[in-house]
>>> print(open('final.cif').read())   # mmCIF, C-alpha atoms
data_target
loop_
_atom_site.label_atom_id
_atom_site.label_comp_id
_atom_site.auth_asym_id
_atom_site.auth_seq_id
_atom_site.Cartn_x
_atom_site.Cartn_y
_atom_site.Cartn_z
CA MET A 1 -15.12 -84.55 -10.43
CA LYS A 2 -12.94 -83.85 -13.43
CA GLU A 3 -11.71 -86.97 -15.20
CA PRO A 4 -7.95 -87.55 -15.58
CA TRP A 5 -6.28 -86.36 -18.76
CA ILE A 6 -5.62 -89.90 -19.93
CA VAL A 7 -9.36 -90.66 -19.79
CA ARG A 8 -10.37 -87.44 -21.56
CA ARG A 9 -7.87 -88.20 -24.36
CA ALA A 10 -8.74 -91.89 -24.59
CA GLY A 11 -8.86 -91.80 -28.41
CA LEU A 12 -5.35 -90.39 -28.69
CA VAL A 13 -4.09 -92.86 -26.08
CA ALA A 14 -5.67 -95.72 -28.03
CA LEU A 15 -3.91 -94.63 -31.23
CA VAL A 16 -0.54 -94.37 -29.47
CA CYS A 17 -1.06 -97.79 -27.84
CA LEU A 18 -1.94 -99.32 -31.21
CA LEU A 19 1.26 -97.95 -32.76
CA LEU A 20 3.29 -99.13 -29.78
CA GLY A 21 1.62 -102.54 -30.04
CA GLY A 22 2.71 -102.86 -33.65
CA GLY A 23 6.25 -101.82 -32.75
CA LEU A 24 6.44 -104.28 -29.86
CA ALA A 25 5.08 -107.07 -32.05
CA TRP A 26 7.83 -106.36 -34.57
CA LEU A 27 10.47 -106.24 -31.83
CA GLY A 28 9.13 -109.53 -30.51
CA THR A 29 9.64 -111.22 -33.87
CA GLU A 30 13.11 -109.69 -34.10
CA THR A 31 13.90 -111.05 -30.63
CA GLU A 32 12.85 -114.56 -31.61
CA ALA A 33 14.84 -114.38 -34.83
CA SER A 34 17.92 -113.00 -33.06
CA GLN A 35 17.78 -115.70 -30.40
CA ALA A 36 17.56 -118.38 -33.10
CA GLU A 37 20.57 -116.90 -34.85
CA GLU A 38 22.56 -116.75 -31.59
CA LYS A 39 21.83 -120.41 -30.91
CA ALA A 40 22.83 -121.23 -34.49
CA ALA A 41 26.14 -119.39 -34.08
CA LYS A 42 26.91 -121.28 -30.86
CA LYS A 43 26.18 -124.62 -32.50
CA GLU A 44 28.36 -123.68 -35.48
CA ARG A 45 31.28 -122.86 -33.17
CA LYS A 46 30.86 -126.17 -31.35
CA ALA A 47 30.60 -128.02 -34.65
CA GLU A 48 33.89 -126.54 -35.83
CA ALA A 49 35.64 -127.25 -32.53
CA LYS A 50 34.39 -130.82 -32.13
CA ASP A 51 33.79 -131.73 -35.79
CA GLN A 52 30.18 -132.80 -35.24
CA PRO A 53 28.13 -132.54 -38.47
CA TRP A 54 24.80 -132.94 -36.68
CA LEU A 55 25.41 -129.64 -34.90
CA ARG A 56 25.87 -127.94 -38.26
CA GLU A 57 22.52 -129.35 -39.38
CA GLN A 58 20.83 -127.96 -36.27
CA ALA A 59 22.46 -124.58 -36.86
CA THR A 60 21.21 -124.54 -40.44
CA GLN A 61 17.69 -125.34 -39.26
CA LEU A 62 17.81 -122.54 -36.68
CA ARG A 63 18.94 -120.01 -39.28
CA ALA A 64 16.10 -121.12 -41.54
CA GLU A 65 13.65 -120.57 -38.67
CA ALA A 66 15.03 -117.08 -38.08
CA SER A 67 14.67 -116.23 -41.76
CA ALA A 68 11.10 -117.56 -41.84
CA ILE A 69 10.11 -115.49 -38.79
CA ARG A 70 11.49 -112.32 -40.36
CA GLU A 71 9.56 -113.01 -43.57
CA LEU A 72 6.37 -113.33 -41.52
CA SER A 73 7.07 -110.17 -39.52
CA PRO A 74 4.51 -107.91 -41.30
CA ARG A 75 1.72 -110.42 -40.73
CA ILE A 76 2.74 -110.98 -37.11
CA VAL A 77 2.51 -107.24 -36.57
CA LEU A 78 -0.97 -107.22 -38.09
CA GLY A 79 -2.11 -110.22 -36.04
CA LEU A 80 -0.54 -109.57 -32.62
CA GLY A 81 -0.01 -105.80 -32.78
CA PRO A 82 -3.68 -104.89 -32.07
CA LEU A 83 -3.76 -107.37 -29.17
CA ILE A 84 -0.65 -105.83 -27.60
CA GLY A 85 -2.03 -102.33 -28.25
CA ALA A 86 -5.31 -103.21 -26.54
CA LEU A 87 -3.38 -104.63 -23.61
CA LEU A 88 -1.37 -101.42 -23.24
CA PHE A 89 -4.56 -99.37 -23.53
CA CYS A 90 -6.22 -101.35 -20.72
CA MET A 91 -3.11 -101.07 -18.54
CA SER A 92 -2.85 -97.30 -19.11
CA GLY A 93 -6.08 -96.56 -17.28
CA ALA A 94 -7.66 -94.88 -20.30
CA ALA A 95 -10.10 -97.79 -20.71
CA ARG A 96 -11.89 -96.98 -17.46
CA PRO A 97 -14.96 -95.45 -19.20
CA PHE A 98 -15.49 -98.76 -21.01
CA ARG A 99 -16.89 -100.15 -17.74
CA ARG A 100 -20.07 -98.27 -18.53
CA LEU A 101 -20.67 -100.66 -21.41
CA GLY A 102 -21.25 -103.54 -18.99
CA PRO A 103 -19.53 -106.93 -18.74
CA ALA A 104 -21.44 -108.47 -21.66
CA ARG A 105 -20.36 -105.82 -24.18
CA ILE A 106 -16.82 -105.68 -22.82
CA ALA A 107 -16.67 -109.47 -23.21
CA ALA A 108 -17.95 -109.22 -26.77
CA LEU A 109 -15.33 -106.59 -27.69
CA GLY A 110 -12.53 -108.56 -26.04
CA ALA A 111 -13.56 -111.85 -27.60
CA GLY A 112 -13.88 -110.17 -31.00
CA LEU A 113 -10.32 -108.86 -30.78
CA CYS A 114 -9.00 -112.26 -29.67
CA ALA A 115 -10.87 -113.96 -32.51
CA PHE A 116 -9.42 -111.46 -35.00
CA SER A 117 -5.91 -112.15 -33.74
CA TRP A 118 -6.43 -115.90 -33.96
CA LEU A 119 -7.94 -115.59 -37.43
CA MET A 120 -4.88 -113.65 -38.56
CA VAL A 121 -2.75 -116.47 -37.20
CA ALA A 122 -4.78 -119.16 -38.94
CA THR A 123 -5.38 -117.39 -42.26
CA PRO A 124 -2.87 -118.50 -44.89
CA PRO A 125 -0.33 -116.19 -46.55
CA PRO A 126 -0.24 -113.55 -47.87
CA LEU A 127 -2.76 -112.23 -45.31
CA GLY A 128 -2.10 -114.39 -42.28
CA LEU A 129 0.30 -116.82 -40.70
CA GLY A 130 -1.60 -120.06 -41.11
CA ILE A 131 -1.29 -123.26 -43.09
CA ASP A 132 -1.17 -123.64 -46.85
CA PRO A 133 -4.70 -123.55 -48.35
CA ALA A 134 -3.74 -126.52 -50.51
CA ARG A 135 -4.28 -128.66 -47.39
CA ALA A 136 -7.96 -127.74 -47.30
CA PRO A 137 -10.63 -129.61 -49.35
CA PRO A 138 -11.15 -128.09 -52.82
CA TRP A 139 -14.64 -126.88 -51.97
CA LEU A 140 -13.33 -125.05 -48.88
CA ARG A 141 -10.20 -123.44 -50.29
CA TRP A 142 -11.90 -120.06 -50.54
CA LEU A 143 -12.18 -120.08 -46.71
CA PRO A 144 -9.32 -119.73 -44.24
CA PRO A 145 -8.29 -123.32 -43.41
CA LEU A 146 -8.55 -122.79 -39.66
CA ASP A 147 -9.80 -125.27 -37.11
CA ILE A 148 -13.29 -124.06 -36.20
CA TYR A 149 -13.14 -126.04 -32.95
CA VAL A 150 -9.97 -124.18 -31.93
CA LEU A 151 -11.55 -120.84 -32.76
CA ALA A 152 -14.64 -121.80 -30.73
CA ILE A 153 -12.42 -122.61 -27.73
CA VAL A 154 -10.60 -119.29 -28.04
CA VAL A 155 -13.84 -117.30 -28.24
CA THR A 156 -15.50 -119.25 -25.40
CA ILE A 157 -12.57 -118.80 -23.02
CA SER A 158 -12.37 -115.12 -23.94
CA VAL A 159 -16.07 -114.48 -23.35
CA ALA A 160 -16.25 -116.56 -20.16
CA SER A 161 -13.23 -115.01 -18.48
CA VAL A 162 -14.15 -111.40 -19.27
CA ARG A 163 -17.88 -111.93 -18.59
CA ALA A 164 -16.88 -113.14 -15.14
CA GLY A 165 -15.64 -109.61 -14.43
CA GLN A 166 -19.07 -108.80 -12.99
CA SER A 167 -18.44 -111.44 -10.30
CA LEU A 168 -14.86 -110.24 -9.69
CA LYS A 169 -15.81 -106.78 -8.43
CA ARG A 170 -16.09 -108.09 -4.89
CA PRO A 171 -12.72 -107.94 -3.11
CA GLY A 172 -11.02 -111.08 -1.89
CA LEU A 173 -10.16 -114.47 -3.38
CA SER A 174 -13.70 -115.66 -4.08
CA GLY A 175 -14.52 -118.90 -5.84
CA ALA A 176 -15.22 -117.02 -9.07
CA ALA A 177 -11.90 -115.15 -8.89
CA LEU A 178 -9.98 -118.37 -8.25
CA ALA A 179 -11.83 -120.15 -11.07
CA VAL A 180 -10.92 -117.44 -13.59
CA TRP A 181 -7.32 -117.46 -12.31
CA LEU A 182 -7.08 -121.23 -12.83
CA LEU A 183 -8.89 -121.11 -16.19
CA LEU A 184 -6.33 -118.69 -17.61
CA TRP A 185 -3.08 -119.51 -15.82
CA ILE A 186 -2.92 -123.32 -15.56
CA PRO A 187 -3.39 -124.13 -19.30
CA PHE A 188 -0.81 -121.47 -20.13
CA ASP A 189 1.74 -122.53 -17.51
CA LEU A 190 1.50 -126.21 -18.50
CA ARG A 191 1.80 -125.23 -22.18
CA TRP A 192 -1.58 -126.73 -23.07
CA LEU A 193 -2.39 -123.60 -25.07
CA LYS A 194 0.36 -124.49 -27.52
CA GLU A 195 -2.05 -127.07 -28.91
CA LEU A 196 -4.33 -124.19 -29.96
CA TRP A 197 -1.57 -122.21 -31.65
CA GLU A 198 -1.64 -122.36 -35.45
CA GLY A 199 1.18 -119.97 -36.22
CA PRO A 200 5.01 -120.24 -36.25
CA ALA A 201 6.24 -122.76 -33.68
CA ARG A 202 8.74 -120.29 -32.18
CA LEU A 203 5.85 -117.98 -31.28
CA SER A 204 3.70 -120.69 -29.66
CA TYR A 205 4.60 -119.32 -26.22
CA THR A 206 4.46 -115.61 -27.05
CA GLY A 207 0.99 -115.68 -28.66
CA PRO A 208 -0.83 -117.46 -25.80
CA ALA A 209 1.07 -115.34 -23.24
CA LEU A 210 -0.25 -112.12 -24.78
CA TRP A 211 -3.73 -113.61 -25.02
CA ILE A 212 -4.12 -114.63 -21.38
CA VAL A 213 -2.56 -111.41 -20.08
CA PHE A 214 -4.98 -109.35 -22.16
CA LEU A 215 -7.94 -111.38 -20.88
CA ALA A 216 -6.76 -111.07 -17.27
CA VAL A 217 -6.29 -107.30 -17.47
CA LEU A 218 -9.61 -106.86 -19.30
CA SER A 219 -11.46 -109.00 -16.77
CA GLU A 220 -9.78 -107.98 -13.50
CA GLY A 221 -8.89 -104.42 -14.47
CA VAL A 222 -11.58 -103.05 -16.80
CA ALA A 223 -14.68 -105.19 -16.27
CA ALA A 224 -14.20 -105.55 -12.51
CA GLY A 225 -12.82 -102.04 -12.04
CA ARG A 226 -9.74 -103.21 -10.10
CA THR A 227 -6.92 -101.37 -11.85
CA ARG A 228 -5.70 -100.01 -8.50
CA ALA A 229 -5.62 -103.49 -6.96
CA LEU A 230 -3.67 -104.78 -9.96
CA GLY A 231 -1.04 -102.12 -9.29
CA LEU A 232 -1.44 -100.53 -12.73
CA ARG A 233 0.36 -97.27 -12.06
CA LEU A 234 3.67 -95.65 -12.88
CA PRO A 235 6.30 -96.01 -10.12
CA LEU A 236 7.02 -92.76 -8.31
CA ALA A 237 10.50 -91.37 -7.62
CA ARG A 238 10.44 -92.67 -4.06
CA ASP A 239 9.45 -96.11 -5.35
CA LEU A 240 12.62 -96.32 -7.43
CA ALA A 241 14.79 -96.04 -4.32
CA LYS A 242 12.83 -98.88 -2.72
CA LEU A 243 13.16 -100.90 -5.91
CA ALA A 244 16.94 -100.42 -5.86
CA GLY A 245 17.01 -101.62 -2.25
CA LEU A 246 14.97 -104.72 -3.11
CA THR A 247 17.31 -105.44 -6.03
CA LEU A 248 20.23 -105.34 -3.63
CA LEU A 249 18.32 -107.57 -1.21
CA PHE A 250 17.72 -110.06 -4.01
CA ALA A 251 21.43 -110.13 -4.86
CA LEU A 252 22.46 -110.57 -1.23
CA VAL A 253 19.96 -113.36 -0.52
CA ILE A 254 19.37 -115.34 -3.70
CA LEU A 255 22.82 -115.31 -5.30
CA PRO A 256 24.77 -116.68 -2.30
CA ALA A 257 22.05 -119.25 -1.62
CA GLY A 258 21.87 -120.38 -5.25
CA LEU A 259 25.65 -120.62 -5.60
CA GLY A 260 25.99 -122.31 -2.21
CA ILE A 261 23.61 -125.18 -3.00
CA GLY A 262 24.95 -125.56 -6.52
CA PHE A 263 21.76 -124.48 -8.26
CA LEU A 264 23.56 -121.53 -9.87
CA GLU A 265 26.91 -121.78 -11.62
CA TRP A 266 28.98 -118.88 -12.89
CA ASN A 267 28.90 -119.06 -16.70
CA PRO A 268 29.09 -115.58 -18.31
CA ARG A 269 28.22 -115.32 -21.99
CA ALA A 270 29.09 -112.40 -24.25
CA SER A 271 26.13 -110.74 -26.01
CA GLY A 272 25.72 -107.46 -27.81
CA ALA A 273 23.78 -104.59 -26.25
CA VAL A 274 21.02 -104.81 -28.86
CA SER A 275 20.61 -108.52 -28.22
CA VAL A 276 20.40 -107.96 -24.46
CA LEU A 277 17.78 -105.22 -24.88
CA LEU A 278 15.67 -107.34 -27.21
CA ASN A 279 15.93 -110.28 -24.83
CA ALA A 280 14.89 -108.04 -21.92
CA LEU A 281 11.87 -106.83 -23.87
CA GLY A 282 10.82 -110.39 -24.66
CA ILE A 283 11.21 -111.46 -21.02
CA ALA A 284 9.28 -108.43 -19.76
CA LEU A 285 6.37 -108.98 -22.13
CA THR A 286 5.99 -112.76 -22.09
CA VAL A 287 7.52 -113.94 -18.77
CA ALA A 288 7.65 -111.18 -16.17
CA LEU A 289 4.32 -109.56 -17.10
CA PRO A 290 2.21 -112.77 -16.99
CA GLU A 291 3.84 -114.08 -13.80
CA GLU A 292 3.70 -110.78 -11.93
CA LEU A 293 0.15 -110.06 -13.08
CA PHE A 294 -1.18 -113.44 -11.99
CA PHE A 295 0.83 -114.02 -8.82
CA ARG A 296 1.12 -110.49 -7.51
CA GLY A 297 -1.53 -108.36 -9.23
CA ILE A 298 -4.29 -110.95 -8.80
CA LEU A 299 -3.37 -113.71 -6.34
CA ASP A 300 -1.39 -111.70 -3.79
CA ALA A 301 -3.76 -108.71 -3.93
CA ARG A 302 -6.88 -110.84 -3.50
CA LEU A 303 -5.34 -112.91 -0.70
CA ARG A 304 -4.48 -109.68 1.12
CA GLU A 305 -8.05 -108.51 0.74
CA SER A 306 -9.28 -111.81 2.16
CA LEU A 307 -6.84 -111.87 5.09
CA ALA A 308 -5.95 -108.25 5.86
CA LYS A 309 -7.89 -105.40 7.37
CA PRO A 310 -8.51 -102.35 5.16
CA GLY A 311 -6.95 -99.00 5.92
CA PRO A 312 -8.82 -95.97 7.29
CA SER A 313 -10.13 -95.05 3.83
CA GLY A 314 -11.51 -98.53 3.23
CA GLU A 315 -8.83 -99.36 0.66
CA PHE A 316 -5.92 -101.77 0.88
CA ALA A 317 -2.50 -100.16 0.87
CA LEU A 318 0.39 -101.38 -1.25
CA GLY A 319 2.62 -101.88 1.79
CA VAL A 320 2.66 -104.57 4.49
CA ARG A 321 0.23 -103.61 7.25
CA GLY A 322 -0.24 -106.66 9.47
CA ARG A 323 -0.27 -110.42 9.95
CA GLY A 324 -2.84 -110.97 7.22
CA ASP A 325 -0.65 -109.18 4.69
CA TRP A 326 2.32 -111.32 5.67
CA LEU A 327 0.27 -114.50 5.38
CA ALA A 328 -0.85 -113.43 1.90
CA LEU A 329 2.76 -112.71 0.93
CA VAL A 330 3.91 -116.15 2.13
CA ALA A 331 1.01 -117.99 0.47
CA SER A 332 1.37 -116.28 -2.91
CA SER A 333 5.16 -116.71 -2.83
CA LEU A 334 4.88 -120.42 -2.06
CA ALA A 335 2.40 -120.78 -4.94
CA PHE A 336 4.94 -119.02 -7.16
CA GLY A 337 7.63 -121.46 -6.00
CA ILE A 338 5.42 -124.49 -6.67
CA MET A 339 4.71 -123.20 -10.18
CA HIS A 340 8.43 -123.31 -10.98
CA MET A 341 8.94 -126.91 -9.86
CA ASN A 342 7.88 -128.32 -13.22
CA ASN A 343 10.91 -126.61 -14.78
CA ARG A 344 13.08 -129.41 -13.41
CA SER A 345 12.72 -133.20 -13.47
CA ASP A 346 15.17 -134.18 -10.71
CA PRO A 347 13.45 -134.09 -7.25
CA ALA A 348 16.47 -132.48 -5.58
CA GLU A 349 16.58 -129.71 -8.20
CA GLN A 350 12.82 -129.27 -7.93
CA LEU A 351 13.16 -128.62 -4.19
CA GLN A 352 16.01 -126.16 -4.79
CA TYR A 353 14.02 -124.35 -7.46
CA PHE A 354 10.97 -124.25 -5.20
CA LEU A 355 12.87 -122.67 -2.30
CA LEU A 356 14.71 -120.09 -4.40
CA ALA A 357 11.63 -119.18 -6.46
CA SER A 358 9.55 -118.80 -3.28
CA VAL A 359 12.07 -116.36 -1.79
CA ALA A 360 12.29 -114.53 -5.12
CA GLY A 361 8.48 -114.37 -5.23
CA ALA A 362 8.42 -112.75 -1.79
CA ILE A 363 10.87 -110.06 -2.95
CA TYR A 364 8.85 -109.49 -6.13
CA ALA A 365 5.74 -109.15 -3.94
CA LEU A 366 7.44 -106.47 -1.87
CA ALA A 367 8.37 -104.64 -5.07
CA PHE A 368 4.74 -104.90 -6.21
CA ARG A 369 3.37 -103.59 -2.93
CA ARG A 370 5.74 -100.65 -2.84
CA GLY A 371 5.94 -99.69 -6.51
CA GLY A 372 3.05 -101.34 -8.31
CA LEU A 373 3.00 -103.95 -11.05
CA LEU A 374 5.54 -102.23 -13.31
CA ALA A 375 8.11 -102.18 -10.49
CA ALA A 376 7.71 -105.92 -9.94
CA ILE A 377 7.97 -106.55 -13.70
CA ALA A 378 11.15 -104.44 -13.89
CA LEU A 379 12.83 -106.34 -11.04
CA HIS A 380 11.73 -109.71 -12.42
CA THR A 381 13.02 -108.82 -15.88
CA LEU A 382 16.37 -107.65 -14.52
CA VAL A 383 16.82 -110.87 -12.56
CA ASP A 384 16.03 -113.08 -15.55
CA VAL A 385 18.29 -111.10 -17.89
CA VAL A 386 21.23 -111.34 -15.47
CA TRP A 387 20.51 -115.03 -14.89
CA GLN A 388 20.65 -115.79 -18.59
CA ALA A 389 23.74 -113.63 -19.12
CA VAL A 390 26.05 -114.84 -16.34
CA PHE A 391 24.66 -118.09 -14.85
#
>>> encode(input="final.cif", output="structure tokens")
Amino acid sequence: MKEPWIVRRAGLVALVCLLLGGGLAWLGTETEASQAEEKAAKKERKAEAKDQPWLREQATQLRAEASAIRELSPRIVLGLGPLIGALLFCMSGAARPFRRLGPARIAALGAGLCAFSWLMVATPPPLGLGIDPARAPPWLRWLPPLDIYVLAIVVTISVASVRAGQSLKRPGLSGAALAVWLLLWIPFDLRWLKELWEGPARLSYTGPALWIVFLAVLSEGVAAGRTRALGLRLPLARDLAKLAGLTLLFALVILPAGLGIGFLEWNPRASGAVSVLLNALGIALTVALPEELFFRGILDARLRESLAKPGPSGEFALGVRGRGDWLALVASSLAFGIMHMNNRSDPAEQLQYFLLASVAGAIYALAFRRGGLLAAIALHTLVDVVWQAVF
């Protein structure tokens, strides 16, 4: 059987993905800097209107952060660009032949890339993003002043999660699959991984997000050979019509419910088109992609395999086929709702967030089943962009 074009041109695809990874890393830094400047401008306007000097001080600090991020942009591109490029390469389907290397070698390659990225973060300027070498003992100043324990944790998690790909080939939510899911998602969701981050504070969410997504795609997609189950495909023309219908469904269900219970309040904010696009890119890469990958691409798909009957060809369709599929949709959506409860401290708001996020998760799951992972990411991104812009 003739291999797909994207597999036969894997080298060219890898080069394009690497260039795109560098561009996205740069856009990510520009997004962070732009958001800091927007917050600074808002605080400056409030300071002038209310004559509050402390707001001016915060605005000055935010502008300094934006300037520092832009100065570090070349090194961020060098550190995170290859990681993003490798992620895109794995998601493109061109990495399929790498399965022949075996889980151990795939794990070694993945861990090596993660270690390189972390070393670039920890290495001091002018090469990396890390701390001043003057903080290191005199006899160690010729070495990057990184925390070896942190690097060991990064490498160990990388190797363990990808090496587990051999155990993840079996369909269904097995103990191994759930363990890898928890190992990667829970520390990230609870922001524990920020303690490992040694780069700019404003990128302490972005860096770990890219890391765990890369490990999940490498483990579940490449090592386990489950790119189809993850929904890694381009949406077809007929999928776009379904996606438009689900977007309308979201607006008709979530917006009235959120406004009715007081969880959402109309509060439109003016932003330039460039700012909105950069914000959408940041949300897609660091919020929508991780959440849709873990809750739809992995959790929902594996629950369906455990509960649903396969189709005539032995594979599991992207649609909703029976009671098991519905149970999987409900379970994964409720898990998605529970995950959002820690975004609020008031019990009443936690319950509201749980209910709305669970319904939203069900709609995202339908988008995933009908259009693949990219369709779910697109809908999720659109919802978050609109939320931030008008509510």
>>> atom_distance(input="final.cif", atom1="CA of Glu198 in chain A", atom2="CA of Ala68 in chain A")
15.0 Å
>>> residues_near_point(input="final.cif", point="(1.2, -119.5, -2.8)", cutoff="10 Å", atoms="all atoms listed in the file", output="PyMOL selection string")
chain A and resi 295+299-300+303+327-339+358+361-362
>>> resolve_selection(input="final.cif", expression="the PyMOL selection byres ((chain A and resi 246) around 9)", output="list in words")
Ala241, Lys242, Leu243, Ala244, Gly245, Thr247, Leu248, Leu249, Phe250, Ala251, Ile363, Tyr364, Leu366, Ala367 and Leu379 of chain A
>>> residues_near_point(input="final.cif", point="(22.8, -125.3, -8.8)", cutoff="12 Å", atoms="only C-alpha atoms", output="list in words")
Ile254, Leu255, Pro256, Ala257, Gly258, Leu259, Gly260, Ile261, Gly262, Phe263, Leu264, Glu265, Trp266, Asn267, Arg344, Asp346, Ala348, Glu349, Gln350, Leu351, Gln352, Tyr353, Leu356 and Phe391 of chain A
>>> write_last_selection(input="final.cif", atoms="C-alpha atoms", output="short mmCIF file (atom, residue, chain, number, x, y, z; two decimals), keeping the file's coordinate frame")
data_model
loop_
_atom_site.label_atom_id
_atom_site.label_comp_id
_atom_site.auth_asym_id
_atom_site.auth_seq_id
_atom_site.Cartn_x
_atom_site.Cartn_y
_atom_site.Cartn_z
CA ILE A 254 19.37 -115.34 -3.70
CA LEU A 255 22.82 -115.31 -5.30
CA PRO A 256 24.77 -116.68 -2.30
CA ALA A 257 22.05 -119.25 -1.62
CA GLY A 258 21.87 -120.38 -5.25
CA LEU A 259 25.65 -120.62 -5.60
CA GLY A 260 25.99 -122.31 -2.21
CA ILE A 261 23.61 -125.18 -3.00
CA GLY A 262 24.95 -125.56 -6.52
CA PHE A 263 21.76 -124.48 -8.26
CA LEU A 264 23.56 -121.53 -9.87
CA GLU A 265 26.91 -121.78 -11.62
CA TRP A 266 28.98 -118.88 -12.89
CA ASN A 267 28.90 -119.06 -16.70
CA ARG A 344 13.08 -129.41 -13.41
CA ASP A 346 15.17 -134.18 -10.71
CA ALA A 348 16.47 -132.48 -5.58
CA GLU A 349 16.58 -129.71 -8.20
CA GLN A 350 12.82 -129.27 -7.93
CA LEU A 351 13.16 -128.62 -4.19
CA GLN A 352 16.01 -126.16 -4.79
CA TYR A 353 14.02 -124.35 -7.46
CA LEU A 356 14.71 -120.09 -4.40
CA PHE A 391 24.66 -118.09 -14.85
#
>>> resolve_selection(input="final.cif", expression="the PyMOL selection byres ((chain A and resi 268) around 6)", output="ChimeraX atom specification")
/A:267,269,389-390
>>> resolve_selection(input="final.cif", expression="the PyMOL selection byres ((chain A and resi 16) around 12)", output="JSON, numbers by chain")
{"A": [6, 9, 10, 11, 12, 13, 14, 15, 17, 18, 19, 20, 21, 22, 23, 81, 82, 84, 85, 86, 88, 89, 92, 94]}
>>> atom_distance(input="final.cif", atom1="CA of Gln58 in chain A", atom2="CA of Ser204 in chain A")
19.7 Å
>>> atom_distance(input="final.cif", atom1="CA of Ala365 in chain A", atom2="CA of Leu307 in chain A")
15.7 Å
>>> closest_residue(input="final.cif", among="A:Arg233, A:Gly282, A:Gln166, A:Ala209", to="Ile186 in chain A", atoms="only C-alpha atoms")
A:Ala209
>>> closest_residue(input="final.cif", among="A:Leu232, A:Ala308, A:Leu109, A:Val213", to="Gly172 in chain A", atoms="all atoms listed in the file")
A:Ala308
>>> residues_around(input="final.cif", residues="Leu203 in chain A", least_positions_apart="5", cutoff="10 Å", atoms="all atoms listed in the file", output="list in words")
Gly28, Thr29, Glu32, Ile69, Ile76, Lys194, Trp197, Glu198, Pro208 and Ala209 of chain A
>>> closest_residue(input="final.cif", among="A:Leu285, A:Leu215, A:Ala280, A:Met91", to="Leu230 in chain A", atoms="only C-alpha atoms")
A:Met91
>>> decode(input="final.cif", residues="range 21-68 of chain A", atoms="C-alpha atoms", output="tab-separated table (two decimals), in the first residue's frame")
chain	number	residue	atom	x	y	z
A	21	GLY	CA	7.12	26.44	15.44
A	22	GLY	CA	9.58	29.32	15.52
A	23	GLY	CA	6.95	31.69	14.15
A	24	LEU	CA	4.35	30.57	16.68
A	25	ALA	CA	6.85	30.90	19.51
A	26	TRP	CA	7.52	34.48	18.43
A	27	LEU	CA	3.81	35.22	18.13
A	28	GLY	CA	3.32	33.74	21.59
A	29	THR	CA	5.83	36.15	23.09
A	30	GLU	CA	4.22	39.01	21.21
A	31	THR	CA	0.83	37.97	22.59
A	32	GLU	CA	2.12	37.98	26.16
A	33	ALA	CA	3.78	41.35	25.65
A	34	SER	CA	0.68	42.84	24.03
A	35	GLN	CA	-1.57	41.60	26.82
A	36	ALA	CA	0.76	43.13	29.41
A	37	GLU	CA	0.67	46.44	27.56
A	38	GLU	CA	-3.15	46.35	27.32
A	39	LYS	CA	-3.43	45.77	31.06
A	40	ALA	CA	-0.97	48.61	31.64
A	41	ALA	CA	-3.03	50.97	29.48
A	42	LYS	CA	-6.21	50.10	31.39
A	43	LYS	CA	-4.52	50.72	34.72
A	44	GLU	CA	-3.15	54.04	33.46
A	45	ARG	CA	-6.64	55.16	32.42
A	46	LYS	CA	-8.04	54.19	35.82
A	47	ALA	CA	-5.16	55.93	37.56
A	48	GLU	CA	-5.88	59.16	35.71
A	49	ALA	CA	-9.63	58.94	36.35
A	50	LYS	CA	-9.40	58.07	40.04
A	51	ASP	CA	-6.00	59.61	40.88
A	52	GLN	CA	-4.57	56.41	42.34
A	53	PRO	CA	-0.74	56.39	42.19
A	54	TRP	CA	-0.48	52.68	43.00
A	55	LEU	CA	-2.22	51.89	39.72
A	56	ARG	CA	0.42	53.88	37.85
A	57	GLU	CA	3.11	51.83	39.57
A	58	GLN	CA	1.43	48.60	38.48
A	59	ALA	CA	1.15	49.92	34.92
A	60	THR	CA	4.84	50.78	34.89
A	61	GLN	CA	5.70	47.29	36.10
A	62	LEU	CA	3.54	45.70	33.39
A	63	ARG	CA	5.20	47.77	30.67
A	64	ALA	CA	8.59	46.72	31.99
A	65	GLU	CA	7.50	43.07	31.80
A	66	ALA	CA	6.35	43.53	28.20
A	67	SER	CA	9.68	45.11	27.28
A	68	ALA	CA	11.62	42.30	28.97
